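Colleague: Submitted below is the structure of interest, expressed as structure tokens.
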Amino acid sequence: MTRHLLSSADLDRHQVEEILTTAASMHDVQRRDVKKIPTLRGRTIINLFFEDSTRTRSSFEIAGKWMSADTINITGTGSSASKGESLRDTVRTIDAMGVDALVIRHRASGACHQVAQWVDASVINAGDGTHEHPTQALLDAYTLRNRIGDLDGKHVAIVGDLTHSRVFRSNVITLGRLGARVTVVAPPTLMPSGIGSWAKTDGFSTSYDLDDVLEGAVGGGVDAVMMLRVQRERMSGGYFPTAREYTVGYGLTRARLERVVEANPDIAILHPGPMNRGLEIAADAADSAQSVVLDQVSAGVAVRMAVLYHLLSGLSGEDAA
Amino acid sequence: MTTTPSRERATPTTDPALPHVRTTVIVGVRVLGGASADILVRDGVIERVGRVSRADRAEFGADALVVDANGLVALPGLVDLHVHLREPGREDAETVASGSAAAAAGGFTAVLAMANTSPVTDTAEAAERVLDLGRAAGLVDVQPVGAVTKGLAGEELAELGLMARSRARVRVFSDDGHCIDDARVMRRALEYVKAFGGVVSQHAQDPRLAGPDACCHESELSGRLGLPGWPGIAEESVVARDVLLARHTESRVHIAHVSTAGTVEVLRWAKRQGIDVTAEVTPHHLLLTSDLLSGYDPVFKVNPPLRPQEDVEALRAGLADGTIDAVATDHAPHARHDKEHAFVDAAFGMLGLETALAVVSESMVLTGLLDWEGVARVMSVAPARIAQLRGSGGVAAHGMPLTAGSPANITLVDPSAITTVDRATSVSLSRNNPWHGRTLTGAVVGTWLRGRRTSDPGRPS
């Protein structure tokens, strides 16, 4: 296992499967009455969140605590630049306290890569700008496997604001590692530049037409659909005209839900949250039997326990759980 | 930089307190890379280019400095149209004195200091202050660039006429760092500077197409990295507008740091129409490419951004065929703590003065695109002409032919010296050196400003 988890590309298929297997035993811990295991006793994990987050931060915090690590949260909004301190100084100061892992969320792409070069601790990317969110991709894969089985040959559609999505960037890698076929769907304004050649190199498909994809016209029948959050401020950036028009074109509306469930009652519906109900996902879809949104949250803790175990287990002689 | 081999045997005379060497003989040098000759310099002026016999040398006496330049190339002192010396305001990153030392070490005898200091060079007094700081340092002629608009805000014209009439004799005006985005302001500036033969140097970047967060070339790589992109069209569309404005106003426009193949195309078209446009390219855009950004190292963050190899090739071709007139470094020193942020937060810019000649040698000479006469054209003659450093009205002359009667502004180059760049040995106060660790062929081994040695071969250059 690598020392850091900066990008989903850091993990090959074998490593992804190892983490998911460990996550399953961690999930069992999570269901116990007494959830504490001693695996990371004496280890110190800092959750360094430069950007607001509720679910990812608390998920990492719970994961660390259940494994008996000392977890400390440090949050700060805005850039350290505005406080006059360089990012390097900030993280080296914390590293100098002698921590084992830094879990970092930053609004700037690449921040975790840079930090990893400056510190001795293991660095875990908990979301860097519009770049990646590797533990999200792992928990999505874990959730999907539990719901629809082995992902080899399965078809997953990822729909929404691809340009600004770290969830998309990590998922396209991790799902690809596990053999899934991925089709990404967005209006052209919300597709990152150069996605055509990128898709060709990395073996995924792109489409501007959600209905084509859901009807199986692109890449065949869909086994899962992942709706990405669309921030309303994108409208002022001119990415799309109105929320209404976005929903008609790219939302998982009630009408679309009915059609996809009719075609495939076992389809899984994912959303990394927080959801804009009524914009990218209708309430009926979010609360449907096909929705695995809460399973994703629950898997988040188990998967992060597994990641911490694999990254820090070199320091530990004890078994996982 | 550590340079090997050094053929110099001369006694360095960089210390202004040392007595001025009246006579210098540069022996056996290839003038502009041509036939070997001796250059005799007396009292700051080139007296003879040809043969200086041993008998002649004996006559000059012991105070004559004799430089064995066998195998070296002599160029007219290099002129840089585009440097940031950071003084006043950010003397922790660079001062006029330290920037002058870096310039002299890099073979420059004149530099144009950009206006984006704090306070901005947008008045006659501010321009004269920069001029005086340059004179006090005494290593290169520091010619201030005036801001086009007050405070670089892009709204109201700065006192262009008063800067032009000042002791600094400002002729080049630029809001560099900011594009003059408003077409009406650009039009007025182009019209107004005609009264005193000025030129507007445009930083071409449409802020609506490449906004404040844009920090790297827009491409598949920027998409993968999740970095806000800066598409080539944001430069090209402004250049296209401005060459048309230059035609309409019958004025002269200069395009700073051209970075894309599309801009080269627009410039080629404009020159064919007879439009009075000149352009510069930086050394880094001639050699470095956008794929260096994959590690998010802010040392490679620069504006305009590094571009793909296709653009690099087009820029080299444009420089070789004269579409691009000059090489200018855009030397942009930054304190370490301004670079050690997340990539999008880090400051734009990289050092360039000390490495420029080596990079041009590597990208243009070794590739056969330019000979040394061509290097003299793009690094001395053309920039001096664009900046009007022609020896009239109290402004020093640069980029003059290496012939009898010219001021002795001379740069000696060892074309075969192999240099491994070490950022620690730079004479700049900053260390944001994108060339660190690279091996380059071709090095400056001596610089003379009006007969006075300003670079020291014993010191890392």
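Chain lettering (A, B, ...) mirrors the order of the structure tokens, residue numbering begins at 1 for each chain separately, and ligand numbering begins at 1 in order of display.
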Just the residues within 7 Å of Gly399 in chain B, please, counting only C-alpha atoms, with nothing from its chain fewer than 6 positions along; format it as a list in words.

Modeller: Pro76, Gly77, Ser380, Val381 and Ala384 of chain B

Colleague: Compute the set of chain A residues within 6 Å of chain B, using only C-alpha atoms, and express it as an NGL selection string.

Modeller: :A and (86-88 or 109-111 or 130-131 or 192-194)

Colleague: Dump N, CA and C atoms for the selected residues as a tab-separated table (two decimals), in the first residue's frame?

Modeller:
chain	number	residue	atom	x	y	z
A	86	SER	N	1.77	30.69	4.60
A	86	SER	CA	1.75	29.83	3.42
A	86	SER	C	1.21	28.46	3.81
A	87	LEU	N	0.67	27.75	2.82
A	87	LEU	CA	0.15	26.40	3.06
A	87	LEU	C	1.26	25.52	3.62
A	88	ARG	N	2.45	25.69	3.09
A	88	ARG	CA	3.58	24.88	3.54
A	88	ARG	C	3.83	25.10	5.03
A	109	SER	N	-7.45	22.52	-6.05
A	109	SER	CA	-7.01	21.28	-6.68
A	109	SER	C	-5.50	21.12	-6.48
A	110	GLY	N	-5.08	19.90	-6.17
A	110	GLY	CA	-3.65	19.63	-6.06
A	110	GLY	C	-3.06	19.92	-4.69
A	111	ALA	N	-3.85	20.51	-3.78
A	111	ALA	CA	-3.30	20.90	-2.48
A	111	ALA	C	-2.73	19.68	-1.74
A	130	THR	N	-11.58	20.87	-7.40
A	130	THR	CA	-12.36	20.16	-8.41
A	130	THR	C	-11.53	19.02	-8.97
A	131	HIS	N	-10.60	18.52	-8.16
A	131	HIS	CA	-9.71	17.48	-8.67
A	131	HIS	C	-10.20	16.07	-8.32
A	192	PRO	N	-15.51	19.06	-18.68
A	192	PRO	CA	-14.17	19.65	-18.63
A	192	PRO	C	-13.55	19.71	-20.03
A	193	SER	N	-12.65	20.66	-20.20
A	193	SER	CA	-12.01	20.79	-21.51
A	193	SER	C	-11.21	19.52	-21.80
A	194	GLY	N	-11.20	19.15	-23.06
A	194	GLY	CA	-10.41	17.99	-23.49
A	194	GLY	C	-11.00	16.66	-23.08

Colleague: Taking only range 96-256 of chain A into account, list the residues labelled helix (DSSP H, G or I) by DSSP (computed from the backbone), as number ranges by chain.

Modeller: A: 111-116, 134-148, 166-177, 188-190, 195-202, 210-214, 232-234, 243-250, 254-256

Colleague: Determine which residues of range 237-420 of chain B receive a DSSP assignment of strand (DSSP E), computed from the backbone, and state them as a ChimeraX atom specification.

Modeller: /B:253-255,277-281,326-327,410-420

Colleague: Save out the residues we just selected, N, CA and C atoms, as a PDB file, in the first residue's frame.

Modeller:
ATOM      1  N   VAL B 253       1.610  49.279 -31.496  1.00  0.00           N
ATOM      2  CA  VAL B 253       1.284  48.449 -30.340  1.00  0.00           C
ATOM      3  C   VAL B 253       2.332  47.356 -30.225  1.00  0.00           C
ATOM      4  N   HIS B 254       2.630  47.010 -28.988  1.00  0.00           N
ATOM      5  CA  HIS B 254       3.574  45.918 -28.724  1.00  0.00           C
ATOM      6  C   HIS B 254       2.828  44.854 -27.927  1.00  0.00           C
ATOM      7  N   ILE B 255       2.999  43.595 -28.322  1.00  0.00           N
ATOM      8  CA  ILE B 255       2.327  42.504 -27.616  1.00  0.00           C
ATOM      9  C   ILE B 255       3.343  41.825 -26.703  1.00  0.00           C
ATOM     10  N   VAL B 277       3.023  46.723 -35.497  1.00  0.00           N
ATOM     11  CA  VAL B 277       2.935  45.892 -34.299  1.00  0.00           C
ATOM     12  C   VAL B 277       4.273  45.192 -34.101  1.00  0.00           C
ATOM     13  N   THR B 278       4.685  45.113 -32.846  1.00  0.00           N
ATOM     14  CA  THR B 278       5.854  44.317 -32.484  1.00  0.00           C
ATOM     15  C   THR B 278       5.427  43.356 -31.382  1.00  0.00           C
ATOM     16  N   ALA B 279       6.279  42.349 -31.145  1.00  0.00           N
ATOM     17  CA  ALA B 279       5.902  41.337 -30.154  1.00  0.00           C
ATOM     18  C   ALA B 279       7.142  40.722 -29.533  1.00  0.00           C
ATOM     19  N   GLU B 280       6.935  40.209 -28.338  1.00  0.00           N
ATOM     20  CA  GLU B 280       8.023  39.535 -27.620  1.00  0.00           C
ATOM     21  C   GLU B 280       7.567  38.151 -27.186  1.00  0.00           C
ATOM     22  N   VAL B 281       8.532  37.283 -26.938  1.00  0.00           N
ATOM     23  CA  VAL B 281       8.255  35.956 -26.390  1.00  0.00           C
ATOM     24  C   VAL B 281       9.249  35.735 -25.255  1.00  0.00           C
ATOM     25  N   ALA B 326      11.251  40.012 -30.569  1.00  0.00           N
ATOM     26  CA  ALA B 326      12.211  40.051 -29.470  1.00  0.00           C
ATOM     27  C   ALA B 326      11.952  38.952 -28.454  1.00  0.00           C
ATOM     28  N   VAL B 327      13.007  38.639 -27.719  1.00  0.00           N
ATOM     29  CA  VAL B 327      12.880  37.797 -26.528  1.00  0.00           C
ATOM     30  C   VAL B 327      12.905  38.722 -25.321  1.00  0.00           C
ATOM     31  N   ILE B 410      28.737  45.259 -24.397  1.00  0.00           N
ATOM     32  CA  ILE B 410      29.169  44.006 -25.009  1.00  0.00           C
ATOM     33  C   ILE B 410      28.838  42.840 -24.081  1.00  0.00           C
ATOM     34  N   THR B 411      28.327  41.778 -24.677  1.00  0.00           N
ATOM     35  CA  THR B 411      28.073  40.542 -23.935  1.00  0.00           C
ATOM     36  C   THR B 411      28.899  39.429 -24.550  1.00  0.00           C
ATOM     37  N   LEU B 412      29.688  38.783 -23.717  1.00  0.00           N
ATOM     38  CA  LEU B 412      30.500  37.662 -24.189  1.00  0.00           C
ATOM     39  C   LEU B 412      29.801  36.365 -23.840  1.00  0.00           C
ATOM     40  N   VAL B 413      29.715  35.492 -24.838  1.00  0.00           N
ATOM     41  CA  VAL B 413      29.003  34.225 -24.667  1.00  0.00           C
ATOM     42  C   VAL B 413      29.956  33.079 -24.966  1.00  0.00           C
ATOM     43  N   ASP B 414      29.932  32.097 -24.106  1.00  0.00           N
ATOM     44  CA  ASP B 414      30.632  30.840 -24.424  1.00  0.00           C
ATOM     45  C   ASP B 414      29.580  29.874 -24.964  1.00  0.00           C
ATOM     46  N   PRO B 415      29.578  29.662 -26.276  1.00  0.00           N
ATOM     47  CA  PRO B 415      28.478  28.885 -26.860  1.00  0.00           C
ATOM     48  C   PRO B 415      28.522  27.413 -26.488  1.00  0.00           C
ATOM     49  N   SER B 416      29.664  26.934 -26.028  1.00  0.00           N
ATOM     50  CA  SER B 416      29.719  25.500 -25.735  1.00  0.00           C
ATOM     51  C   SER B 416      29.753  25.204 -24.242  1.00  0.00           C
ATOM     52  N   ALA B 417      29.652  26.232 -23.413  1.00  0.00           N
ATOM     53  CA  ALA B 417      29.669  25.982 -21.971  1.00  0.00           C
ATOM     54  C   ALA B 417      28.427  25.199 -21.558  1.00  0.00           C
ATOM     55  N   ILE B 418      28.626  24.189 -20.772  1.00  0.00           N
ATOM     56  CA  ILE B 418      27.508  23.385 -20.274  1.00  0.00           C
ATOM     57  C   ILE B 418      27.240  23.839 -18.845  1.00  0.00           C
ATOM     58  N   THR B 419      26.009  24.205 -18.592  1.00  0.00           N
ATOM     59  CA  THR B 419      25.659  24.791 -17.302  1.00  0.00           C
ATOM     60  C   THR B 419      24.543  23.983 -16.657  1.00  0.00           C
ATOM     61  N   THR B 420      24.725  23.634 -15.403  1.00  0.00           N
ATOM     62  CA  THR B 420      23.609  23.060 -14.650  1.00  0.00           C
ATOM     63  C   THR B 420      23.088  24.140 -13.712  1.00  0.00           C
TER      64      THR B 420
END

Colleague: Set the distance at 7 Å and use only C-alpha atoms: which residues neighbour range 9-15 of chain A once local chain neighbours fewer than 3 positions away are removed? I'd like the list as number ranges by chain.

Modeller: A: 5-6, 18-19, 173, 177-178

Colleague: Excluding same-chain residues fewer than 5 positions from Pro188 in chain A, what lies within 9 Å of it counting only C-alpha atoms, as a PyMOL selection string?

Modeller: chain A and resi 207-208+239

Colleague: Go ahead and compute the interatomic distance for CA of Thr206 in chain A and CA of Val185 in chain A, in Å to one decimal.

Modeller: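 It comes out at 5.9 Å.
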
Colleague: Env of Glu61 in chain A: 9 Å cut, atoms = only C-alpha atoms, seq-sep filter 4 positions within chain, self excluded. Answer as an MDAnalysis selection string.

Modeller: chainID A and resid 45:47 56:57 65:66 71:73 301

Colleague: Env of range 209-223 of chain A: 7 Å cut, atoms = only C-alpha atoms, seq-sep filter 2 positions within chain, self excluded. Answer as a ChimeraX atom specification.

Modeller: /A:154-157,185,207,250,260,267-268

Colleague: Can you write just those residues out, N, CA and C atoms, as an mmCIF file, in the first residue's frame?

Modeller:
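Heads up, here's the output in out13.cif:
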data_model
loop_
_atom_site.group_PDB
_atom_site.id
_atom_site.type_symbol
_atom_site.label_atom_id
_atom_site.label_comp_id
_atom_site.auth_asym_id
_atom_site.auth_seq_id
_atom_site.Cartn_x
_atom_site.Cartn_y
_atom_site.Cartn_z
ATOM 1 N N LYS A 154 -20.492 -3.946 -15.553
ATOM 2 C CA LYS A 154 -21.687 -3.164 -15.225
ATOM 3 C C LYS A 154 -21.576 -1.757 -15.832
ATOM 4 N N HIS A 155 -22.736 -1.178 -16.121
ATOM 5 C CA HIS A 155 -22.753 0.134 -16.777
ATOM 6 C C HIS A 155 -23.240 1.195 -15.786
ATOM 7 N N VAL A 156 -22.376 2.183 -15.522
ATOM 8 C CA VAL A 156 -22.712 3.243 -14.570
ATOM 9 C C VAL A 156 -22.746 4.583 -15.305
ATOM 10 N N ALA A 157 -23.848 5.310 -15.141
ATOM 11 C CA ALA A 157 -23.941 6.659 -15.712
ATOM 12 C C ALA A 157 -23.669 7.677 -14.611
ATOM 13 N N VAL A 185 -22.496 12.113 -18.373
ATOM 14 C CA VAL A 185 -23.534 12.879 -19.062
ATOM 15 C C VAL A 185 -23.581 14.294 -18.493
ATOM 16 N N SER A 207 -21.780 11.717 -23.137
ATOM 17 C CA SER A 207 -23.017 12.012 -23.861
ATOM 18 C C SER A 207 -23.607 13.320 -23.357
ATOM 19 N N TYR A 250 -31.334 17.350 -17.559
ATOM 20 C CA TYR A 250 -30.359 16.491 -16.881
ATOM 21 C C TYR A 250 -30.769 16.031 -15.482
ATOM 22 N N VAL A 260 -36.762 4.425 -15.889
ATOM 23 C CA VAL A 260 -35.589 3.573 -15.650
ATOM 24 C C VAL A 260 -35.939 2.389 -14.753
ATOM 25 N N ILE A 267 -31.961 -1.132 -10.621
ATOM 26 C CA ILE A 267 -31.010 -0.033 -10.826
ATOM 27 C C ILE A 267 -30.689 0.634 -9.479
ATOM 28 N N ALA A 268 -29.466 1.045 -9.319
ATOM 29 C CA ALA A 268 -29.080 1.757 -8.083
ATOM 30 C C ALA A 268 -28.938 3.240 -8.397
#

Colleague: Can you list, as number ranges by chain, every protein, DNA or RNA residue that comes within 9 Å of His436 in chain B when you count only C-alpha atoms, leaving out same-chain residues fewer than 5 positions away?

Modeller: B: 420-424
